[in-house]
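Student: Attaching a single structure in structure tokens format; questions to follow.
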Amino acid sequence: MPPVKPPSSQGPEGVVDLHRARRARRLDLYRSRQADRVRSVRTTLETLTQSGTLFTPDGTQRGLSLLKALQFLQRASARLEELSGGGVLPAPRMPERVDALYEEVDDLFDRADTLAGRDEASVARLPGR
């Protein structure tokens with residue numbers, strides 16, 4: 001039995017809407033990267049706490065930076081939710097607004113990575129369309 005395409009990605013007569021599929025894929029990619037960052041920051045905070053390092057002056061400073069990084073990641077999550085239309089408002093339709101929200105999420109990821117001390121590259125800047 002062939003896989004069934006979700007009705008939201010099909011247009012008239014069963015034609016797949018590639019624009020909608022690309023938008024959904026991009027949103028999934030960003031959500032995955034956001035979840036990975038949150039998991040990483042929380043793990044680091046747990047390690048600081050369990051080792052007792054959090055209660056030293058340097059550990060306290062590191063913990064505050066990690067908490068600020070979590071705040072940025074929560075804001076990124078809110079922007080991704082706005083892009084999905086999962087909240088009170090429908091998802092933005094204007095390409096300029098969609099691109100602006102993704103740029104804001106990229107910036108929030110960069111800022112969170114800086115605070116969390118991530119050495120690896122931040123989220124790849126994906127093409128807008």
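Letters A, B, ... mark the chains of the structure tokens in the order given; residue numbers begin at 1 per chain; ligand numbers begin at 1, in order shown.
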Segment 105-108 of chain A: which residues within 7 Å, counting only C-alpha atoms, same-chain residues fewer than 6 positions away excluded, as an mmCIF file with N, CA, C and O atoms, in the first residue's frame?

Tutor:
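As a result, selection_15.cif now contains:
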data_model
loop_
_atom_site.group_PDB
_atom_site.id
_atom_site.type_symbol
_atom_site.label_atom_id
_atom_site.label_comp_id
_atom_site.auth_asym_id
_atom_site.auth_seq_id
_atom_site.Cartn_x
_atom_site.Cartn_y
_atom_site.Cartn_z
ATOM 1 N N PHE A 72 16.023 32.965 25.486
ATOM 2 C CA PHE A 72 16.072 33.210 24.041
ATOM 3 C C PHE A 72 15.449 32.050 23.276
ATOM 4 O O PHE A 72 14.736 32.252 22.295
ATOM 5 N N LEU A 73 15.702 30.836 23.735
ATOM 6 C CA LEU A 73 15.141 29.666 23.061
ATOM 7 C C LEU A 73 13.628 29.582 23.238
ATOM 8 O O LEU A 73 12.920 29.123 22.339
ATOM 9 N N ALA A 76 12.286 31.948 20.725
ATOM 10 C CA ALA A 76 12.358 31.323 19.401
ATOM 11 C C ALA A 76 11.207 30.336 19.225
ATOM 12 O O ALA A 76 10.586 30.280 18.158
ATOM 13 N N ARG A 79 8.107 32.185 18.364
ATOM 14 C CA ARG A 79 8.088 32.639 16.971
ATOM 15 C C ARG A 79 7.782 31.479 16.030
ATOM 16 O O ARG A 79 7.059 31.637 15.044
ATOM 17 N N VAL A 123 22.374 27.559 13.599
ATOM 18 C CA VAL A 123 21.452 27.051 12.576
ATOM 19 C C VAL A 123 21.826 27.625 11.213
ATOM 20 O O VAL A 123 22.189 28.790 11.099
#

Student: For Glu104 of chain A, find every residue with an atom within 10 Å (counting only C-alpha atoms), except residues of its own chain fewer than 4 positions away, and show them as an NGL selection string.

Tutor: :A and (75-76 or 79-80 or 98-100 or 108-110)

Student: If you keep N, CA and C atoms, can you produce a file of those selected residues as a tab-separated table (two decimals), in the first residue's frame?

Tutor:
chain	number	residue	atom	x	y	z
A	75	ARG	N	11.71	32.26	23.43
A	75	ARG	CA	11.21	33.25	22.48
A	75	ARG	C	11.24	32.70	21.05
A	76	ALA	N	12.29	31.95	20.72
A	76	ALA	CA	12.36	31.32	19.40
A	76	ALA	C	11.21	30.34	19.23
A	79	ARG	N	8.11	32.18	18.36
A	79	ARG	CA	8.09	32.64	16.97
A	79	ARG	C	7.78	31.48	16.03
A	80	LEU	N	8.31	30.30	16.34
A	80	LEU	CA	8.02	29.12	15.51
A	80	LEU	C	6.55	28.74	15.62
A	98	VAL	N	7.09	36.10	6.95
A	98	VAL	CA	7.64	34.78	7.23
A	98	VAL	C	9.17	34.86	7.31
A	99	ASP	N	9.79	35.53	6.34
A	99	ASP	CA	11.24	35.68	6.34
A	99	ASP	C	11.72	36.45	7.56
A	100	ALA	N	10.99	37.49	7.95
A	100	ALA	CA	11.37	38.27	9.13
A	100	ALA	C	11.32	37.42	10.40
A	108	LEU	N	17.92	34.72	17.48
A	108	LEU	CA	17.75	34.18	18.84
A	108	LEU	C	18.61	32.94	19.04
A	109	PHE	N	18.70	32.08	18.01
A	109	PHE	CA	19.57	30.91	18.09
A	109	PHE	C	21.03	31.34	18.26
A	110	ASP	N	21.46	32.33	17.48
A	110	ASP	CA	22.83	32.82	17.58
A	110	ASP	C	23.12	33.35	18.98

Student: Compare A:Val88, A:Leu67, A:Met94, A:Leu101 by their minimum atom-to-atom distance to Ala116 of chain A, counting only C-alpha atoms, and give me the closest one.

Tutor: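 Checking each of A:Val88, A:Leu67, A:Met94, A:Leu101 against Ala116 of chain A, counting only C-alpha atoms, the winner is A:Leu67.
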
Student: Among chain A, which residues does DSSP mark as helix (DSSP H, G or I) when it is run on the backbone? Keep the chain and numbering as in the structure and answer as a ChimeraX atom specification.

Tutor: /A:7-9,12-14,18-51,53-55,57-84,95-116

Student: With a distance cut-off of 12 Å and only C-alpha atoms, select the neighbouring residues of Arg42 of chain A, excluding the residue or stretch itself and same-chain residues fewer than 3 positions from it, and output the selection as a PyMOL selection string.

Tutor: chain A and resi 35-39+45-49+63+65-71+73+116

Student: Please, what distance in Å, to one decimal, runs between atom CA of Glu81 of chain A and atom CA of Asp17 of chain A?

Tutor: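 Computing it gives 21.4 Å between the two atoms.
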
Student: So, with only C-alpha atoms as the atoms that count, which of A:Gly117, A:Leu83, A:Thr44, A:Thr60 lies closest to Arg26 of chain A?

Tutor: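 Looking at the shortest contact to Arg26 of chain A, the residue is A:Leu83.
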
Student: Could you tell me how far atom CA of Phe55 of chain A lies from atom CA of Arg111 of chain A, in Å and to one decimal?

Tutor: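 Taking atom CA of Phe55 of chain A as the start and atom CA of Arg111 of chain A as the end point, the length is 24.5 Å.
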
Student: Could you please determine the separation between atom CA of Gln61 of chain A and atom CA of Asp113 of chain A in Å, to one decimal place?

Tutor: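 Computing it gives 15.7 Å between the two atoms.
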
Student: Between A:Thr53, A:Ala21, A:Thr114, A:Ser77, which residue has the minimum interatomic distance to Arg33 of chain A, considering only C-alpha atoms?

Tutor: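 Distance minimum relative to Arg33 of chain A lands on A:Ser77.
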
Student: Restricting the calculation to only C-alpha atoms, which member of A:Ala78, A:Leu18, A:Ala91, A:Gly86 is positioned closest to Tyr30 of chain A?

Tutor: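 Looking at the shortest contact to Tyr30 of chain A, the residue is A:Ala78.
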